[in-house]
file coords-v6.tsv (TSV, C-alpha atoms)
chain	number	residue	atom	x	y	z
A	1	GLY	CA	11.09	22.02	-5.64
A	2	ILE	CA	13.89	20.58	-3.52
A	3	GLY	CA	16.87	22.40	-2.04
A	4	THR	CA	17.17	25.85	-0.53
A	5	ARG	CA	19.39	27.54	-3.14
A	6	THR	CA	17.46	26.41	-6.21
A	7	THR	CA	14.08	27.05	-4.59
A	8	ALA	CA	15.21	30.65	-4.05
A	9	LEU	CA	16.27	30.90	-7.70
A	10	GLY	CA	12.77	29.93	-8.84
A	11	GLY	CA	12.44	29.26	-12.57
A	12	ALA	CA	16.09	30.17	-13.16
A	13	GLY	CA	16.95	26.86	-11.49
A	14	THR	CA	15.89	25.19	-14.73
A	15	ALA	CA	19.26	26.25	-16.17
A	16	SER	CA	21.44	26.55	-13.06
A	17	SER	CA	20.86	23.44	-10.91
A	18	LYS	CA	24.29	22.04	-10.09
A	19	ASP	CA	23.35	19.72	-7.21
A	20	SER	CA	20.71	17.08	-6.46
A	21	SER	CA	17.95	19.70	-6.73
A	22	ALA	CA	18.30	19.12	-10.48
A	23	ASN	CA	16.17	16.02	-9.92
A	24	TYR	CA	13.19	18.36	-9.79
A	25	TYR	CA	14.24	21.43	-11.76
A	26	ASN	CA	16.18	19.88	-14.64
A	27	PRO	CA	17.36	16.24	-14.53
A	28	ALA	CA	19.55	16.79	-17.59
A	29	ALA	CA	21.79	19.11	-15.55
A	30	LEU	CA	22.96	16.17	-13.43
A	31	THR	CA	25.73	15.53	-15.97
A	32	LYS	CA	27.25	18.92	-15.04
A	33	ILE	CA	28.16	17.69	-11.55
A	34	PRO	CA	31.88	16.78	-11.71
A	35	GLY	CA	31.91	13.87	-9.25
A	36	LEU	CA	30.07	11.98	-6.54
A	37	ARG	CA	27.99	14.50	-4.60
A	38	LEU	CA	26.01	14.13	-1.38
A	39	ASP	CA	23.55	16.84	-0.34
A	40	LEU	CA	21.88	17.22	3.05
A	41	GLY	CA	19.93	20.25	4.13
A	42	TYR	CA	16.99	21.68	6.03
A	43	ILE	CA	14.37	24.00	4.61
A	44	TYR	CA	11.92	26.21	6.51
A	45	ILE	CA	9.27	28.37	4.85
A	46	GLN	CA	6.54	30.14	6.82
A	47	PRO	CA	3.71	31.46	4.62
A	48	GLU	CA	1.77	34.47	5.86
A	49	LEU	CA	-1.49	34.52	3.91
A	50	SER	CA	-4.56	36.50	4.88
A	51	MET	CA	-7.98	37.24	3.46
A	52	ASN	CA	-10.22	40.06	4.66
A	53	ASN	CA	-7.67	40.81	7.40
A	54	GLY	CA	-7.94	37.24	8.70
A	55	ASN	CA	-4.94	34.91	8.93
A	56	LEU	CA	-5.57	31.71	6.96
A	57	ASP	CA	-3.24	29.66	9.18
A	58	VAL	CA	-1.46	27.98	6.28
A	59	ASP	CA	0.98	25.40	7.60
A	60	ARG	CA	4.69	25.99	7.40
A	61	LEU	CA	6.85	23.99	5.03
A	62	SER	CA	9.80	22.52	6.86
A	63	GLY	CA	11.79	19.35	6.64
A	64	ILE	CA	14.96	17.54	5.71
A	65	TYR	CA	16.05	16.97	2.14
A	66	THR	CA	18.89	14.79	0.97
A	67	GLY	CA	20.27	13.68	-2.36
A	68	VAL	CA	23.05	11.67	-3.93
A	69	THR	CA	24.34	12.07	-7.48
A	70	LEU	CA	26.78	9.77	-9.26
A	71	PRO	CA	28.16	10.88	-12.65
A	72	LYS	CA	30.39	8.56	-14.71
A	73	LYS	CA	32.44	9.04	-17.87
A	74	ILE	CA	31.80	6.29	-20.44
A	75	PHE	CA	33.57	6.57	-23.81
A	76	GLU	CA	33.99	10.34	-23.40
A	77	GLN	CA	30.28	10.71	-22.66
A	78	THR	CA	28.84	11.46	-19.24
A	79	LEU	CA	26.08	9.39	-17.65
A	80	ALA	CA	24.61	10.42	-14.28
A	81	VAL	CA	22.06	8.91	-11.91
A	82	SER	CA	20.58	10.58	-8.84
A	83	LEU	CA	18.13	10.15	-5.99
A	84	SER	CA	16.51	12.88	-3.87
A	85	PHE	CA	14.30	12.59	-0.81
A	86	PHE	CA	12.25	15.11	1.17
A	87	LEU	CA	10.81	14.31	4.60
A	88	PRO	CA	8.58	16.84	6.44
A	89	ASP	CA	9.58	17.26	10.08
A	90	ASP	CA	6.07	17.99	11.37
A	91	ARG	CA	3.97	15.03	10.15
A	92	LEU	CA	3.88	12.37	7.46
A	93	THR	CA	0.24	12.94	6.63
A	94	ARG	CA	-2.79	14.66	8.10
A	95	ILE	CA	-6.55	14.94	7.93
A	96	ARG	CA	-7.81	18.44	8.59
A	97	SER	CA	-11.35	19.78	8.76
A	98	LEU	CA	-12.09	23.50	8.82
A	99	PRO	CA	-15.41	25.37	9.12
A	100	GLN	CA	-16.99	25.85	5.71
A	101	ARG	CA	-17.25	29.61	6.31
A	102	GLN	CA	-13.48	29.95	6.79
A	103	PRO	CA	-11.79	31.10	3.57
A	104	ARG	CA	-8.63	29.21	2.73
A	105	PHE	CA	-6.27	28.19	-0.06
A	106	VAL	CA	-7.17	24.51	0.11
A	107	LEU	CA	-4.61	22.97	-2.24
A	108	PHE	CA	-1.80	25.34	-1.26
A	109	ASP	CA	-2.39	24.48	2.38
A	110	ASN	CA	-1.93	20.77	1.60
A	111	ARG	CA	1.34	21.11	-0.29
A	112	PRO	CA	3.82	20.88	2.63
A	113	GLN	CA	2.41	17.60	3.94
A	114	ARG	CA	4.23	15.33	1.51
A	115	VAL	CA	6.99	12.78	1.48
A	116	VAL	CA	8.67	13.15	-1.92
A	117	ILE	CA	11.10	10.77	-3.62
A	118	ILE	CA	12.66	11.58	-7.01
A	119	THR	CA	14.84	9.32	-9.16
A	120	SER	CA	16.54	10.61	-12.30
A	121	ALA	CA	19.10	9.78	-14.97
A	122	ALA	CA	20.91	12.01	-17.47
A	123	TRP	CA	23.15	11.52	-20.50
A	124	GLU	CA	25.46	13.92	-22.34
A	125	PRO	CA	25.77	12.52	-25.90
A	126	ILE	CA	27.39	15.73	-27.18
A	127	GLU	CA	29.69	17.91	-25.13
A	128	GLY	CA	27.61	20.67	-23.57
A	129	LEU	CA	24.23	19.17	-24.51
A	130	SER	CA	22.49	16.82	-22.05
A	131	ILE	CA	19.14	15.08	-21.88
A	132	GLY	CA	17.52	13.67	-18.76
A	133	ALA	CA	14.39	12.11	-17.34
A	134	GLY	CA	13.04	11.22	-13.94
A	135	LEU	CA	10.13	9.94	-11.87
A	136	THR	CA	8.65	11.68	-8.85
A	137	TYR	CA	6.87	9.54	-6.26
A	138	LEU	CA	4.08	10.85	-4.02
A	139	THR	CA	1.27	9.09	-2.15
A	140	ASN	CA	-2.50	9.00	-2.02
A	141	THR	CA	-4.12	8.55	1.39
A	142	ARG	CA	-6.87	5.94	1.78
A	143	GLY	CA	-8.28	4.75	5.08
A	144	THR	CA	-11.15	3.65	7.24
A	145	VAL	CA	-12.24	4.97	10.64
A	146	ASP	CA	-14.14	2.39	12.72
A	147	ILE	CA	-16.32	3.47	15.64
A	148	ASP	CA	-18.18	1.00	17.87
A	149	GLY	CA	-20.08	1.75	21.04
A	150	THR	CA	-22.97	1.24	23.37
A	151	PHE	CA	-25.16	4.06	24.66
A	152	SER	CA	-27.74	3.71	27.41
A	153	LEU	CA	-29.48	5.79	30.03
A	154	ASP	CA	-26.92	4.61	32.58
A	155	PRO	CA	-23.68	6.57	32.02
A	156	ASP	CA	-21.62	3.77	33.56
A	157	GLU	CA	-22.70	1.41	30.80
A	158	ASN	CA	-21.71	3.69	27.93
A	159	THR	CA	-18.67	2.50	25.94
A	160	LEU	CA	-16.97	3.80	22.83
A	161	PHE	CA	-14.16	2.22	20.82
A	162	GLY	CA	-12.42	3.72	17.84
A	163	GLY	CA	-9.72	2.70	15.38
A	164	ILE	CA	-8.17	3.97	12.17
A	165	ASP	CA	-6.55	2.06	9.33
A	166	VAL	CA	-4.72	4.24	6.79
A	167	GLY	CA	-2.80	3.12	3.74
A	168	PHE	CA	-0.59	5.04	1.32
A	169	GLU	CA	-0.68	4.33	-2.42
A	170	SER	CA	2.13	5.44	-4.68
A	171	VAL	CA	1.48	8.06	-7.37
A	172	ARG	CA	4.17	8.72	-9.97
A	173	TYR	CA	4.65	11.39	-12.61
A	174	PRO	CA	7.47	11.70	-15.17
A	175	THR	CA	9.84	14.56	-15.93
A	176	ALA	CA	11.91	15.12	-19.09
A	177	ALA	CA	14.53	17.81	-19.62
A	178	ILE	CA	17.28	19.30	-21.82
A	179	HIS	CA	20.28	21.29	-20.63
A	180	TRP	CA	22.58	23.13	-23.05
A	181	ASP	CA	25.80	24.95	-22.21
A	182	ILE	CA	25.95	27.36	-25.14
A	183	SER	CA	29.19	28.89	-23.89
A	184	ARG	CA	31.25	29.03	-20.72
A	185	ASN	CA	28.96	31.71	-19.28
A	186	LEU	CA	25.57	30.96	-20.86
A	187	SER	CA	23.30	27.95	-20.23
A	188	LEU	CA	19.74	27.11	-21.27
A	189	GLY	CA	17.35	24.62	-19.73
A	190	PHE	CA	13.94	23.21	-20.63
A	191	THR	CA	11.88	20.90	-18.41
A	192	PHE	CA	8.55	19.13	-18.85
A	193	ARG	CA	6.63	17.85	-15.81
A	194	ASP	CA	3.50	15.79	-16.20
A	195	SER	CA	0.34	16.42	-14.19
A	196	PHE	CA	-0.61	14.54	-11.06
A	197	GLU	CA	-3.56	14.33	-8.70
A	198	LEU	CA	-3.59	13.06	-5.11
A	199	ASP	CA	-6.78	11.78	-3.52
A	200	LEU	CA	-7.93	11.64	0.09
A	201	ASP	CA	-10.33	8.68	0.34
A	202	LEU	CA	-11.85	8.13	3.79
A	203	THR	CA	-14.68	5.93	5.03
A	204	VAL	CA	-16.24	6.20	8.49
A	205	ASP	CA	-18.00	3.02	9.66
A	206	ALA	CA	-19.97	3.52	12.87
A	207	ASN	CA	-21.79	0.71	14.67
A	208	ALA	CA	-23.62	1.40	17.92
A	209	GLN	CA	-26.22	0.06	20.28
A	210	VAL	CA	-28.43	2.99	21.28
A	211	LEU	CA	-30.99	2.14	23.94
A	212	GLY	CA	-30.99	-1.46	22.72
A	213	ASN	CA	-31.35	-0.57	19.03
A	214	ALA	CA	-28.57	-1.41	16.56
A	215	ILE	CA	-27.52	1.51	14.39
A	216	ASN	CA	-25.04	1.38	11.50
A	217	LEU	CA	-23.78	4.47	9.71
A	218	VAL	CA	-21.31	4.49	6.82
A	219	LEU	CA	-19.94	7.79	5.51
A	220	SER	CA	-17.61	7.88	2.50
A	221	SER	CA	-15.61	10.92	1.45
A	222	LEU	CA	-13.43	11.25	-1.67
A	223	ASN	CA	-11.55	14.52	-2.20
A	224	THR	CA	-8.86	15.84	-4.47
A	225	ASN	CA	-6.17	16.62	-1.94
A	226	LEU	CA	-3.55	18.06	-4.26
A	227	PHE	CA	-3.37	18.72	-8.00
A	228	SER	CA	-0.67	20.03	-10.30
A	229	PRO	CA	-1.16	20.63	-14.05
A	230	ARG	CA	1.34	19.79	-16.76
A	231	GLN	CA	4.21	22.26	-16.75
A	232	ILE	CA	6.82	23.40	-19.23
A	233	SER	CA	9.62	25.41	-17.67
A	234	ALA	CA	12.38	27.29	-19.47
A	235	GLY	CA	15.30	29.15	-17.91
A	236	PHE	CA	18.67	30.60	-18.74
A	237	GLN	CA	21.79	31.37	-16.73
A	238	TYR	CA	24.42	33.96	-17.54

call {"tool": "encode", "arguments": {"input": "coords-v6.tsv", "output": "structure tokens"}}
result
Amino acid sequence: GIGTRTTALGGAGTASSKDSSANYYNPAALTKIPGLRLDLGYIYIQPELSMNNGNLDVDRLSGIYTGVTLPKKIFEQTLAVSLSFFLPDDRLTRIRSLPQRQPRFVLFDNRPQRVVIITSAAWEPIEGLSIGAGLTYLTNTRGTVDIDGTFSLDPDENTLFGGIDVGFESVRYPTAAIHWDISRNLSLGFTFRDSFELDLDLTVDANAQVLGNAINLVLSSLNTNLFSPRQISAGFQY
């Protein structure tokens, strides 16, 4: 999710998001914000996960989140649009290789390394009942590592050049939600989030002259870097 307060509330945020964190938890709740709202915050989470008394060294989640929400009354009905953005403060992306024998939570470990953008809109056709939808944008990582060199018996003649070309491809998944204020003190929320899968596609292209012989080696690696199934979330607030 996005935002410190609603992240702490967990699933209950589905019914009680009253700021730009509603972009993730329940876009329909954006109509409950009374006026133009700007959110800016910093979140820091340090997981401590171990297996067989060994620390798994899962990266922290930390970064800046911001959001803007603009509700507007049109013919006694409320329409709201919003944008949220999360930027990790440690790195924009990473490639990490661990020993095969080291146990780890692979997909959980990759979760913090994401730039996330969410756009949403909500409409309140009936007083107290709102519907909303949004799109969440993430990125695949695709790149090529080029290595060129010359190796001989004379160390002074050995050369090695390397370069990396990485591109980011947008991945989007939709969200749909309902928010219902049953009474002044009781609210219900329902949210559907579609599944998504992020790939890490890397190719290593090595060209070398070894003792006068030309050698070319191409290694391709395609991995599922992060996956989330379809989710249906329900929450209530009293």

call {"tool": "residues_around", "arguments": {"input": "coords-v6.tsv", "residues": "Leu198 in chain A", "least_positions_apart": "6", "cutoff": "9 Å", "atoms": "all atoms listed in the file", "output": "list in words"}}
result
Leu138, Thr139, Asn140, Thr141, Val171, Asn223, Thr224, Asn225, Leu226 and Phe227 of chain A

call {"tool": "residues_around", "arguments": {"input": "coords-v6.tsv", "residues": "Leu40 in chain A", "least_positions_apart": "3", "cutoff": "12 Å", "atoms": "all atoms listed in the file", "output": "number ranges by chain"}}
result
A: 2-4, 19-21, 37, 43, 63-69, 84-87

call {"tool": "residues_around", "arguments": {"input": "coords-v6.tsv", "residues": "range 200-206 of chain A", "least_positions_apart": "2", "cutoff": "7 Å", "atoms": "all atoms listed in the file", "output": "number ranges by chain"}}
result
A: 140-148, 198, 208, 216-225

call {"tool": "closest_residue", "arguments": {"input": "coords-v6.tsv", "among": "A:Ala22, A:Leu188, A:Leu92, A:Ala234", "to": "Ile118 in chain A", "atoms": "only C-alpha atoms"}}
result
A:Ala22

call {"tool": "closest_atom_pairs", "arguments": {"input": "coords-v6.tsv", "of": "range 91-156 of chain A", "to": "range 29-33 of chain A", "cutoff": "10 Å", "atoms": "only C-alpha atoms", "output": "JSON lines"}}
result
{"residue": "A:Ser120", "atom": "CA", "partner": "A:Leu30", "partner_atom": "CA", "distance": 8.6}
{"residue": "A:Ala121", "atom": "CA", "partner": "A:Leu30", "partner_atom": "CA", "distance": 7.6}
{"residue": "A:Ala122", "atom": "CA", "partner": "A:Leu30", "partner_atom": "CA", "distance": 6.2}
{"residue": "A:Trp123", "atom": "CA", "partner": "A:Thr31", "partner_atom": "CA", "distance": 6.6}
{"residue": "A:Glu124", "atom": "CA", "partner": "A:Thr31", "partner_atom": "CA", "distance": 6.6}
{"residue": "A:Gly128", "atom": "CA", "partner": "A:Lys32", "partner_atom": "CA", "distance": 8.7}
{"residue": "A:Leu129", "atom": "CA", "partner": "A:Ala29", "partner_atom": "CA", "distance": 9.3}
{"residue": "A:Ser130", "atom": "CA", "partner": "A:Ala29", "partner_atom": "CA", "distance": 6.9}
{"residue": "A:Ile131", "atom": "CA", "partner": "A:Ala29", "partner_atom": "CA", "distance": 8.0}
{"residue": "A:Gly132", "atom": "CA", "partner": "A:Ala29", "partner_atom": "CA", "distance": 7.6}

call {"tool": "closest_residue", "arguments": {"input": "coords-v6.tsv", "among": "A:Asn158, A:Gln77, A:Tyr24, A:Phe168", "to": "Arg114 in chain A", "atoms": "only C-alpha atoms"}}
result
A:Phe168

call {"tool": "atom_distance", "arguments": {"input": "coords-v6.tsv", "atom1": "CA of Asn26 in chain A", "atom2": "CA of Asp59 in chain A"}}
result
27.5 Å

call {"tool": "closest_residue", "arguments": {"input": "coords-v6.tsv", "among": "A:Tyr173, A:Phe105, A:Phe151, A:Phe192", "to": "Thr119 in chain A", "atoms": "all atoms listed in the file"}}
result
A:Tyr173

call {"tool": "atom_distance", "arguments": {"input": "coords-v6.tsv", "atom1": "CA of Val116 in chain A", "atom2": "CA of Asn55 in chain A"}}
result
27.9 Å

call {"tool": "atom_distance", "arguments": {"input": "coords-v6.tsv", "atom1": "CA of Leu9 in chain A", "atom2": "CA of Tyr238 in chain A"}}
result
13.1 Å

call {"tool": "axis_aligned_box", "arguments": {"input": "coords-v6.tsv", "around": "range 142-155 of chain A", "padding_each_side": "5 Å", "output": "JSON"}}
result
{"center_x": -18.2, "center_y": 3.8, "center_z": 17.2, "size_x": 32.6, "size_y": 15.6, "size_z": 40.8}

call {"tool": "closest_residue", "arguments": {"input": "coords-v6.tsv", "among": "A:Ser62, A:Gln209, A:Thr14, A:Gln231", "to": "Arg193 in chain A", "atoms": "only C-alpha atoms"}}
result
A:Gln231

call {"tool": "residues_around", "arguments": {"input": "coords-v6.tsv", "residues": "Arg230 in chain A", "least_positions_apart": "5", "cutoff": "12 Å", "atoms": "only C-alpha atoms", "output": "mmCIF file with C-alpha atoms, in the coordinates of the input"}}
result
data_model
loop_
_atom_site.group_PDB
_atom_site.id
_atom_site.type_symbol
_atom_site.label_atom_id
_atom_site.label_comp_id
_atom_site.auth_asym_id
_atom_site.auth_seq_id
_atom_site.Cartn_x
_atom_site.Cartn_y
_atom_site.Cartn_z
ATOM 1 C CA TYR A 173 4.650 11.390 -12.610
ATOM 2 C CA PRO A 174 7.470 11.700 -15.170
ATOM 3 C CA THR A 175 9.840 14.560 -15.930
ATOM 4 C CA ALA A 176 11.910 15.120 -19.090
ATOM 5 C CA THR A 191 11.880 20.900 -18.410
ATOM 6 C CA PHE A 192 8.550 19.130 -18.850
ATOM 7 C CA ARG A 193 6.630 17.850 -15.810
ATOM 8 C CA ASP A 194 3.500 15.790 -16.200
ATOM 9 C CA SER A 195 0.340 16.420 -14.190
ATOM 10 C CA PHE A 196 -0.610 14.540 -11.060
ATOM 11 C CA GLU A 197 -3.560 14.330 -8.700
#

call {"tool": "closest_residue", "arguments": {"input": "coords-v6.tsv", "among": "A:Leu83, A:Ile164, A:Ala214, A:Ile232", "to": "Leu135 in chain A", "atoms": "all atoms listed in the file"}}
result
A:Leu83

call {"tool": "residues_around", "arguments": {"input": "coords-v6.tsv", "residues": "Leu56 in chain A", "least_positions_apart": "5", "cutoff": "12 Å", "atoms": "only C-alpha atoms", "output": "CSV table (one decimal) with C-alpha atoms, in the coordinates of the input"}}
result
chain,number,residue,atom,x,y,z
A,47,PRO,CA,3.7,31.5,4.6
A,48,GLU,CA,1.8,34.5,5.9
A,49,LEU,CA,-1.5,34.5,3.9
A,50,SER,CA,-4.6,36.5,4.9
A,51,MET,CA,-8.0,37.2,3.5
A,98,LEU,CA,-12.1,23.5,8.8
A,99,PRO,CA,-15.4,25.4,9.1
A,101,ARG,CA,-17.2,29.6,6.3
A,102,GLN,CA,-13.5,30.0,6.8
A,103,PRO,CA,-11.8,31.1,3.6
A,104,ARG,CA,-8.6,29.2,2.7
A,105,PHE,CA,-6.3,28.2,-0.1
A,106,VAL,CA,-7.2,24.5,0.1
A,108,PHE,CA,-1.8,25.3,-1.3
A,109,ASP,CA,-2.4,24.5,2.4
